[in-house]
$ cat query39.cif   # mmCIF, C-alpha atoms
data_structure
#
loop_
_atom_site.label_atom_id
_atom_site.label_comp_id
_atom_site.auth_asym_id
_atom_site.auth_seq_id
_atom_site.Cartn_x
_atom_site.Cartn_y
_atom_site.Cartn_z
CA MET A 1 126.17 107.71 82.69
CA THR A 2 124.94 111.19 81.79
CA LEU A 3 124.11 113.69 84.49
CA ARG A 4 121.31 116.24 84.47
CA SER A 5 120.60 119.33 86.55
CA ALA A 6 118.35 118.73 89.52
CA ASP A 7 114.95 120.44 89.68
CA ARG A 8 114.10 122.79 92.52
CA GLU A 9 111.80 120.15 93.98
CA GLU A 10 114.57 117.54 93.95
CA ILE A 11 116.75 119.94 95.93
CA GLN A 12 113.83 120.29 98.37
CA ILE A 13 113.79 116.48 98.65
CA ALA A 14 117.49 116.56 99.56
CA TRP A 15 116.88 119.03 102.40
CA MET A 16 113.87 116.97 103.50
CA TRP A 17 116.10 113.89 103.59
CA ALA A 18 118.65 115.72 105.75
CA VAL A 19 115.92 116.90 108.16
CA ALA A 20 114.44 113.39 108.35
CA VAL A 21 117.82 111.88 109.21
CA GLY A 22 118.60 114.59 111.75
CA ALA A 23 115.22 114.14 113.42
CA ALA A 24 115.53 110.36 113.37
CA LEU A 25 118.92 110.54 115.11
CA ILE A 26 117.72 113.07 117.69
CA LEU A 27 114.71 110.86 118.44
CA ARG A 28 116.98 107.83 119.00
CA PRO A 29 115.79 107.41 122.64
CA LEU A 30 112.17 107.33 121.44
CA TRP A 31 112.89 104.59 118.90
CA LEU A 32 114.73 102.50 121.50
CA SER A 33 111.92 102.86 124.01
CA LEU A 34 109.24 101.94 121.44
CA ALA A 35 111.12 98.98 119.98
CA GLY A 36 110.51 96.78 122.99
CA GLY A 37 106.75 97.12 122.59
CA LEU A 38 106.59 95.85 119.01
CA PRO A 39 104.98 92.42 118.56
CA ALA A 40 106.89 89.43 117.27
CA CYS A 41 106.45 88.51 113.62
CA PRO A 42 103.15 86.62 113.40
CA PHE A 43 104.21 84.86 110.19
CA ARG A 44 107.29 83.47 111.88
CA THR A 45 105.31 82.54 114.99
CA LEU A 46 102.81 80.58 112.91
CA THR A 47 105.08 78.97 110.34
CA GLY A 48 108.54 79.07 111.85
CA ILE A 49 109.79 80.78 108.68
CA PRO A 50 110.95 84.40 108.87
CA CYS A 51 109.08 86.81 106.62
CA PRO A 52 111.13 88.88 104.15
CA THR A 53 111.44 91.81 106.53
CA CYS A 54 112.10 89.79 109.66
CA GLY A 55 114.96 91.21 111.63
CA THR A 56 114.41 94.75 110.37
CA THR A 57 113.55 96.08 113.82
CA HIS A 58 116.47 94.28 115.46
CA ALA A 59 118.74 95.50 112.63
CA ALA A 60 117.56 99.05 113.21
CA ILE A 61 118.25 98.73 116.96
CA ALA A 62 121.71 97.31 116.20
CA LEU A 63 122.40 100.28 113.89
CA LEU A 64 121.26 102.69 116.62
CA HIS A 65 123.89 101.02 118.84
CA LEU A 66 126.40 101.28 115.95
CA ARG A 67 126.67 97.47 115.70
CA ILE A 68 126.78 97.46 111.91
CA GLY A 69 128.01 93.88 111.53
CA ALA A 70 125.17 92.56 113.67
CA ALA A 71 122.66 94.63 111.69
CA LEU A 72 123.91 93.25 108.36
CA GLN A 73 123.74 89.71 109.75
CA LEU A 74 120.10 90.14 110.80
CA ASN A 75 118.74 91.61 107.55
CA PRO A 76 121.33 92.81 105.02
CA LEU A 77 118.96 94.77 102.79
CA ALA A 78 117.25 96.54 105.71
CA ALA A 79 120.63 97.33 107.29
CA ALA A 80 122.00 98.62 103.99
CA ALA A 81 118.89 100.76 103.51
CA GLY A 82 119.29 102.16 107.03
CA ILE A 83 122.95 102.98 106.45
CA ALA A 84 122.14 104.56 103.08
CA PHE A 85 119.36 106.59 104.73
CA VAL A 86 121.74 108.03 107.34
CA VAL A 87 124.77 108.53 105.09
CA GLY A 88 122.65 109.91 102.26
CA GLY A 89 120.89 112.31 104.59
CA GLY A 90 124.24 113.52 105.89
CA LEU A 91 125.56 114.14 102.38
CA ALA A 92 122.32 115.60 101.04
CA PRO A 93 122.96 119.20 102.20
CA LEU A 94 126.40 119.17 100.55
CA TRP A 95 124.84 117.87 97.36
CA ALA A 96 122.07 120.49 97.55
CA LEU A 97 124.58 123.32 98.00
CA PHE A 98 127.46 122.33 95.74
CA VAL A 99 126.53 119.57 93.26
CA ARG A 100 122.86 119.68 92.25
CA ARG A 101 123.25 117.10 89.50
CA LEU A 102 121.62 113.69 89.20
CA PRO A 103 122.14 110.69 86.91
CA ALA A 104 119.71 110.75 84.00
CA LEU A 105 118.00 107.41 84.65
CA PRO A 106 115.58 106.14 82.00
CA ARG A 107 111.91 106.04 82.94
CA PRO A 108 110.89 103.32 83.33
CA LEU A 109 114.05 101.42 84.21
CA PRO A 110 115.19 98.78 81.70
CA LEU A 111 114.04 95.23 82.41
CA PRO A 112 117.47 93.85 83.52
CA ALA A 113 117.73 96.51 86.22
CA ARG A 114 114.22 95.73 87.47
CA LEU A 115 114.92 92.01 87.51
CA ALA A 116 118.10 92.70 89.49
CA MET A 117 116.05 94.56 92.12
CA ALA A 118 113.62 91.64 92.42
CA ALA A 119 116.54 89.21 92.66
CA ALA A 120 118.09 91.27 95.46
CA LEU A 121 114.82 91.08 97.42
CA ALA A 122 114.61 87.32 96.91
CA ALA A 123 118.26 86.81 97.86
CA ASN A 124 117.79 88.89 101.00
CA TRP A 125 114.81 86.78 102.06
CA LEU A 126 116.81 83.61 101.49
CA TRP A 127 119.60 85.02 103.66
CA VAL A 128 117.13 85.93 106.42
CA ILE A 129 115.70 82.40 106.36
CA LEU A 130 119.09 80.64 106.33
CA ALA A 131 120.98 82.90 108.74
CA ASN A 132 118.25 83.26 111.34
CA ARG A 133 116.90 79.74 111.64
CA MET B 1 76.64 108.34 19.65
CA SER B 2 78.89 108.90 22.59
CA SER B 3 78.05 111.21 25.35
CA THR B 4 80.65 112.67 27.56
CA ILE B 5 80.05 113.83 31.03
CA PRO B 6 81.67 117.16 31.45
CA PRO B 7 84.08 117.24 34.34
CA GLU B 8 82.93 118.98 37.43
CA PRO B 9 84.30 122.50 37.51
CA PRO B 10 87.02 122.94 40.12
CA HIS B 11 86.11 124.68 43.35
CA ASP B 12 88.04 127.84 44.22
CA GLY B 13 90.80 127.12 41.78
CA GLY B 14 91.30 123.59 43.00
CA VAL B 15 91.78 120.55 40.80
CA GLY B 16 88.80 118.61 42.01
CA PRO B 17 86.00 118.46 44.52
CA GLU B 18 86.85 119.37 48.11
CA THR B 19 87.46 116.42 50.37
CA PRO B 20 85.84 116.68 53.79
CA THR B 21 88.42 117.52 56.43
CA ALA B 22 88.34 116.19 59.95
CA PRO B 23 87.39 118.73 62.58
CA PRO B 24 90.38 120.01 64.58
CA PRO B 25 90.95 118.21 67.90
CA PRO B 26 89.28 119.96 70.82
CA GLU B 27 91.46 122.25 72.88
CA PRO B 28 92.56 120.41 76.02
CA THR B 29 90.57 121.70 78.98
CA PRO B 30 92.92 123.36 81.44
CA VAL B 31 93.28 121.33 84.65
CA THR B 32 92.38 123.27 87.77
CA ALA B 33 94.90 122.81 90.54
CA LEU B 34 93.87 121.44 93.91
CA PRO B 35 92.32 124.12 96.15
CA TRP B 36 95.19 123.71 98.63
CA GLU B 37 97.66 124.64 95.88
CA THR B 38 95.60 127.42 94.29
CA PRO B 39 97.08 130.82 95.11
CA GLY B 40 94.67 133.13 96.89
CA TYR B 41 92.34 130.37 98.07
CA PRO B 42 91.41 130.88 101.77
CA ALA B 43 93.51 128.41 103.78
CA LEU B 44 90.87 126.64 105.88
CA GLU B 45 88.46 126.41 102.97
CA ALA B 46 91.26 125.09 100.75
CA LEU B 47 92.15 122.48 103.35
CA TYR B 48 88.55 121.35 103.68
CA GLU B 49 87.80 121.33 99.94
CA THR B 50 90.99 119.45 99.12
CA ALA B 51 90.36 116.87 101.85
CA LYS B 52 86.78 116.38 100.67
CA LEU B 53 87.95 115.95 97.08
CA VAL B 54 90.73 113.51 98.00
CA LEU B 55 88.50 111.37 100.22
CA ILE B 56 85.36 111.34 98.07
CA ASN B 57 86.62 111.77 94.50
CA PRO B 58 90.26 110.67 94.51
CA SER B 59 90.44 110.18 90.74
CA GLU B 60 89.65 113.82 90.12
CA ALA B 61 91.82 114.95 93.03
CA PHE B 62 94.94 113.20 91.79
CA ALA B 63 94.21 114.15 88.17
CA ARG B 64 94.26 117.79 89.31
CA MET B 65 97.37 117.29 91.44
CA SER B 66 100.46 118.29 89.52
CA PRO B 67 103.17 115.59 89.55
CA LYS B 68 105.75 118.38 89.80
CA GLY B 69 105.86 121.53 91.84
CA ASP B 70 106.80 122.90 95.20
CA LEU B 71 106.70 120.37 98.04
CA GLY B 72 106.03 122.83 100.84
CA ARG B 73 102.25 122.89 100.52
CA PRO B 74 101.72 119.10 100.18
CA LEU B 75 104.03 118.40 103.13
CA LEU B 76 102.28 120.99 105.30
CA TYR B 77 98.98 119.37 104.33
CA ALA B 78 100.32 115.92 105.33
CA VAL B 79 101.61 117.25 108.65
CA ILE B 80 98.25 118.86 109.52
CA PHE B 81 96.21 115.73 108.92
CA GLY B 82 98.87 113.40 110.25
CA TRP B 83 99.16 115.35 113.50
CA ILE B 84 95.41 115.31 114.05
CA GLY B 85 95.32 111.59 113.34
CA VAL B 86 98.26 110.81 115.62
CA ILE B 87 96.80 112.78 118.53
CA ALA B 88 93.43 111.08 118.14
CA GLY B 89 95.03 107.66 117.85
CA GLN B 90 97.25 108.14 120.89
CA ILE B 91 94.37 109.44 123.03
CA TYR B 92 92.29 106.36 122.22
CA ASN B 93 95.37 104.20 122.83
CA LEU B 94 95.83 105.72 126.28
CA ALA B 95 92.14 105.59 127.16
CA PHE B 96 91.53 101.99 126.18
CA ARG B 97 94.87 100.65 127.44
CA SER B 98 94.06 102.02 130.90
CA MET B 99 90.67 100.29 130.76
CA ILE B 100 92.30 96.99 129.82
CA PHE B 101 94.90 97.27 132.57
CA ASN B 102 92.16 97.91 135.13
CA PHE B 103 89.94 95.03 134.08
CA ILE B 104 92.42 92.25 133.35
CA PRO B 105 94.43 91.01 136.35
CA GLY B 106 98.08 90.30 135.78
CA MET B 107 98.52 92.92 133.07
CA PRO B 108 101.56 95.18 133.56
CA HIS B 109 100.90 98.18 135.71
CA GLY B 110 102.82 100.98 137.23
CA ARG B 111 106.19 101.49 135.56
CA GLU B 112 105.19 99.85 132.30
CA LEU B 113 102.07 101.96 132.11
CA ALA B 114 104.08 105.10 132.93
CA LEU B 115 106.60 104.35 130.20
CA GLY B 116 103.75 103.79 127.78
CA LEU B 117 102.24 107.12 128.79
CA VAL B 118 105.54 108.92 128.24
CA GLY B 119 105.86 107.24 124.84
CA ASN B 120 102.33 108.25 123.87
CA VAL B 121 102.89 111.87 124.87
CA ALA B 122 106.26 111.97 123.11
CA ILE B 123 104.64 110.67 119.93
CA MET B 124 101.96 113.35 120.12
CA ILE B 125 104.56 116.08 120.57
CA PHE B 126 106.90 114.89 117.85
CA ALA B 127 104.11 113.89 115.46
CA PRO B 128 104.95 116.51 112.78
CA VAL B 129 108.50 115.22 112.53
CA LEU B 130 107.30 111.62 112.58
CA VAL B 131 104.82 112.41 109.78
CA LEU B 132 107.58 113.94 107.63
CA ILE B 133 109.85 110.94 108.22
CA GLY B 134 106.94 108.63 107.45
CA VAL B 135 106.04 110.41 104.19
CA PHE B 136 109.66 110.36 103.05
CA ILE B 137 110.26 106.68 103.84
CA ALA B 138 106.89 105.52 102.49
CA ALA B 139 107.42 107.46 99.26
CA ALA B 140 110.92 106.00 98.91
CA ILE B 141 109.62 102.43 99.32
CA TYR B 142 106.69 102.93 96.94
CA HIS B 143 108.92 104.62 94.35
CA LEU B 144 111.44 101.77 94.50
CA PHE B 145 108.70 99.18 93.96
CA LEU B 146 107.17 101.33 91.22
CA MET B 147 110.56 101.38 89.51
CA MET B 148 110.71 97.60 89.90
CA VAL B 149 107.41 97.09 88.08
CA GLY B 150 108.24 99.71 85.45
CA GLY B 151 105.55 102.17 86.48
CA ASN B 152 107.64 105.24 87.28
CA ASN B 153 107.01 107.69 84.47
CA GLU B 154 107.56 110.69 86.70
CA GLY B 155 110.18 111.47 89.33
CA PHE B 156 110.30 110.84 93.06
CA VAL B 157 108.66 114.22 93.66
CA ALA B 158 105.40 112.90 92.17
CA THR B 159 105.41 109.95 94.57
CA VAL B 160 106.04 112.22 97.57
CA ARG B 161 103.11 114.44 96.55
CA VAL B 162 100.78 111.43 96.24
CA VAL B 163 101.78 110.05 99.65
CA ALA B 164 101.37 113.49 101.22
CA TYR B 165 97.84 113.98 99.90
CA ALA B 166 96.85 110.37 100.59
CA GLY B 167 97.65 111.18 104.23
CA THR B 168 94.25 112.90 104.33
CA THR B 169 92.93 109.57 105.61
CA GLN B 170 94.67 110.10 108.96
CA ILE B 171 91.73 112.35 109.91
CA LEU B 172 89.65 109.15 110.07
CA GLN B 173 91.55 108.15 113.20
CA VAL B 174 89.20 110.40 115.13
CA VAL B 175 86.62 107.67 114.65
CA PRO B 176 86.96 105.40 117.70
CA PHE B 177 87.71 101.67 117.43
CA CYS B 178 87.59 101.22 113.65
CA GLY B 179 88.89 104.60 112.47
CA GLY B 180 92.48 103.43 112.29
CA LEU B 181 91.63 100.40 110.16
CA ILE B 182 89.40 102.46 107.84
CA ALA B 183 92.19 105.03 107.51
CA LEU B 184 94.70 102.30 106.67
CA VAL B 185 92.54 100.65 104.00
CA TRP B 186 91.42 103.93 102.40
CA ASN B 187 95.01 105.17 102.45
CA ILE B 188 95.98 102.15 100.34
CA VAL B 189 93.18 102.87 97.87
CA LEU B 190 94.21 106.53 97.58
CA GLU B 191 97.85 105.66 97.05
CA ILE B 192 97.01 103.15 94.31
CA ILE B 193 94.80 105.68 92.50
CA GLY B 194 97.19 108.55 93.12
CA LEU B 195 100.31 106.79 91.91
CA ALA B 196 98.49 105.58 88.77
CA LYS B 197 97.37 109.14 87.97
CA ALA B 198 100.59 110.93 88.89
CA HIS B 199 102.87 108.50 87.07
CA ARG B 200 100.48 108.00 84.13
CA THR B 201 100.64 104.25 84.65
CA THR B 202 98.15 101.45 85.16
CA GLN B 203 96.40 100.80 88.46
CA ALA B 204 97.74 97.25 88.27
CA LYS B 205 101.32 98.52 88.49
CA SER B 206 100.56 101.06 91.19
CA ALA B 207 98.66 98.39 93.15
CA ILE B 208 101.69 96.09 93.04
CA ALA B 209 103.95 98.95 94.13
CA VAL B 210 101.71 99.69 97.13
CA LEU B 211 100.64 96.18 98.14
CA LEU B 212 103.86 94.23 97.58
CA PRO B 213 105.78 96.00 100.39
CA ILE B 214 102.87 95.22 102.72
CA VAL B 215 102.88 91.57 101.67
CA LEU B 216 106.65 91.36 102.11
CA CYS B 217 106.46 93.09 105.47
CA CYS B 218 104.37 90.33 106.90
CA ALA B 219 102.30 87.72 105.19
CA CYS B 220 99.84 87.81 108.06
CA LEU B 221 99.21 91.49 107.47
CA ALA B 222 98.57 90.47 103.88
CA ILE B 223 95.81 88.18 105.11
CA VAL B 224 94.18 91.16 106.79
CA PHE B 225 94.37 93.06 103.55
CA ALA B 226 93.04 90.11 101.61
CA VAL B 227 89.99 90.24 103.83
CA SER B 228 89.75 93.95 103.14
CA GLY B 229 90.48 93.27 99.48
CA ALA B 230 86.85 93.30 98.51
CA ALA B 231 86.50 96.78 99.92
CA ILE B 232 89.68 97.93 98.20
CA MET B 233 88.63 96.54 94.81
CA ALA B 234 85.17 98.03 95.10
CA ALA B 235 86.62 101.42 95.89
CA LEU B 236 89.08 101.22 92.98
CA GLY B 237 86.31 100.19 90.64
CA LYS B 238 84.17 103.17 91.60
CA ALA B 239 87.12 105.52 91.27
CA ARG B 240 87.98 104.63 87.64
#
$ encode --input "query39.cif" --output "structure tokens"
Amino acid sequence: MTLRSADREEIQIAWMWAVAVGAALILRPLWLSLAGGLPACPFRTLTGIPCPTCGTTHAAIALLHLRIGAALQLNPLAAAAGIAFVVGGGLAPLWALFVRRLPALPRPLPLPARLAMAAALAANWLWVILANR
Amino acid sequence: MSSTIPPEPPHDGGVGPETPTAPPPPEPTPVTALPWETPGYPALEALYETAKLVLINPSEAFARMSPKGDLGRPLLYAVIFGWIGVIAGQIYNLAFRSMIFNFIPGMPHGRELALGLVGNVAIMIFAPVLVLIGVFIAAAIYHLFLMMVGGNNEGFVATVRVVAYAGTTQILQVVPFCGGLIALVWNIVLEIIGLAKAHRTTQAKSAIAVLLPIVLCCACLAIVFAVSGAAIMAALGKAR
């Protein structure tokens, strides 16, 4: 995979990511206090079947309590995205200061890669349905 | 007796008659940047003119928006409108929740109401940070789905800029009762138009990128948007 130099705006994105993660972690008490007030999934209430993002809030709460296994059990894709958000935001300043190179991905992505993304979403939903019945 | 037709004399030393040449293509008209990103434009006037353009003529607004460029101005713009919208929304939330608690017996009072009040005030105070987090996460989700449908012809920066300017709709939260819903629906329309313009892709692809996450988030929310679908389609049709 070839690498290219990052634009100035992409470096700004990296700092923005770091600030977003820092703010999100500092506001941890706010997220925990608001989580209890969120309504239950109406789709699941009506049909008994979890929607594709069911468990995301509980996964986020589990991550905030550092219960990573529980978070992955509830919604693997959401948990993985949350972990990537935090880890990526932590590494972003180092990247912005010392690396500043990105993989040269084709635009748009080739069809196999796009199909793989769709398959990951479908597989995640299947997991949510089977694991949280 | 044969007659010969003398050949036509050449023109200007050429070997035959001149062939008509196509006129040169017109010079592309330079695109004027958004007022908010035009150096020297008075700040309040730039804010107002950009908001008016984004809300009323989004096709032109996003055509003028550069898909690249410094992120400071768009993010400041998003924070300004987002903060106003959040404050308005939280004030209405507080006002009407108190009314409901007073009129309906058995509803939680006291401690629950106090916690809700603290939460509301905290949201109003931290709104700028929440707006930045929201823009970043929303842009990341839309860009991922845009990549999935093959519509990303520009980088992530373009998506962030679209989401930031589409946040103009948060000002509609000052309208009581229905302002939040109008803001939500019009925000979707702006993001569909904006992503199509910024990424030089079709509105079909940008619509999938914006609507599919909503559908996946909750099918019941999708029903709400299906009901609003007529309004969304009408707005997209006018904006072409």
$ resolve_selection --input "query39.cif" --expression "the PyMOL selection byres ((chain B) within 6 of (chain A))" --output "list in words"
Asp70, Ile133, Met148, Gly150, Asn152, Asn153, Leu216, Cys217, Cys218 and Cys220 of chain B
$ residues_around --input "query39.cif" --residues "Gly22 of chain A" --least-positions-apart "5" --cutoff "12 Å" --atoms "only C-alpha atoms" --output "PyMOL selection string"
(chain A and resi 15-17+27-28+85-93) or (chain B and resi 129-130+132-133)
$ closest_residue --input "query39.cif" --among "B:Val118, B:Val215, B:Ile87, B:Ile137" --to "Gln173 of chain B" --atoms "all atoms listed in the file"
B:Ile87
$ atom_distance --input "query39.cif" --atom1 "atom CA of His199 of chain B" --atom2 "atom CA of Glu154 of chain B"
5.2 Å
$ resolve_selection --input "query39.cif" --expression "the PyMOL selection byres ((chain B and resi 50-67) around 8)" --output "PyMOL selection string"
chain B and resi 31-36+46-49+68-69+154+157-159+161-162+165-166+168-169+190+193-194+197-199+239-240
$ atom_distance --input "query39.cif" --atom1 "atom CA of Glu191 of chain B" --atom2 "atom CA of Ala207 of chain B"
8.3 Å
$ residues_around --input "query39.cif" --residues "segment 96-104 of chain A" --least-positions-apart "6" --cutoff "6 Å" --atoms "only C-alpha atoms" --output "list in words"
Thr2, Leu3, Arg4, Ser5, Ala6 and Ile11 of chain A
$ atom_distance --input "query39.cif" --atom1 "atom CA of Met147 of chain B" --atom2 "atom CA of Val128 of chain A"
23.8 Å
$ residues_around --input "query39.cif" --residues "Ala62 of chain A" --least-positions-apart "4" --cutoff "12 Å" --atoms "all atoms listed in the file" --output "list in words"
Arg28, Trp31, Leu32, Ala35, Gly55, Thr56, Thr57, His58, Leu66, Arg67, Ile68, Gly69, Ala70, Ala71, Leu72, Gln73, Leu74, Asn75, Ala78, Ala79, Gly82 and Ile83 of chain A
$ closest_residue --input "query39.cif" --among "B:Gly179, B:Gly82, B:Gly155, B:Pro74" --to "Ile123 of chain B" --atoms "all atoms listed in the file"
B:Gly82
$ closest_residue --input "query39.cif" --among "B:Gly72, B:Pro128, B:Gly85, B:Pro213" --to "Tyr142 of chain B" --atoms "all atoms listed in the file"
B:Pro213
$ closest_residue --input "query39.cif" --among "B:Ile171, B:Leu94, B:Ile182, B:Val135" --to "Leu76 of chain B" --atoms "only C-alpha atoms"
B:Val135
$ axis_aligned_box --input "query39.cif" --around "segment 191-199 of chain B" --padding-each-side "8 Å" --output "AutoDock Vina command-line options"
--center_x 98.8 --center_y 107.0 --center_z 92.1 --size_x 24.1 --size_y 23.8 --size_z 26.0
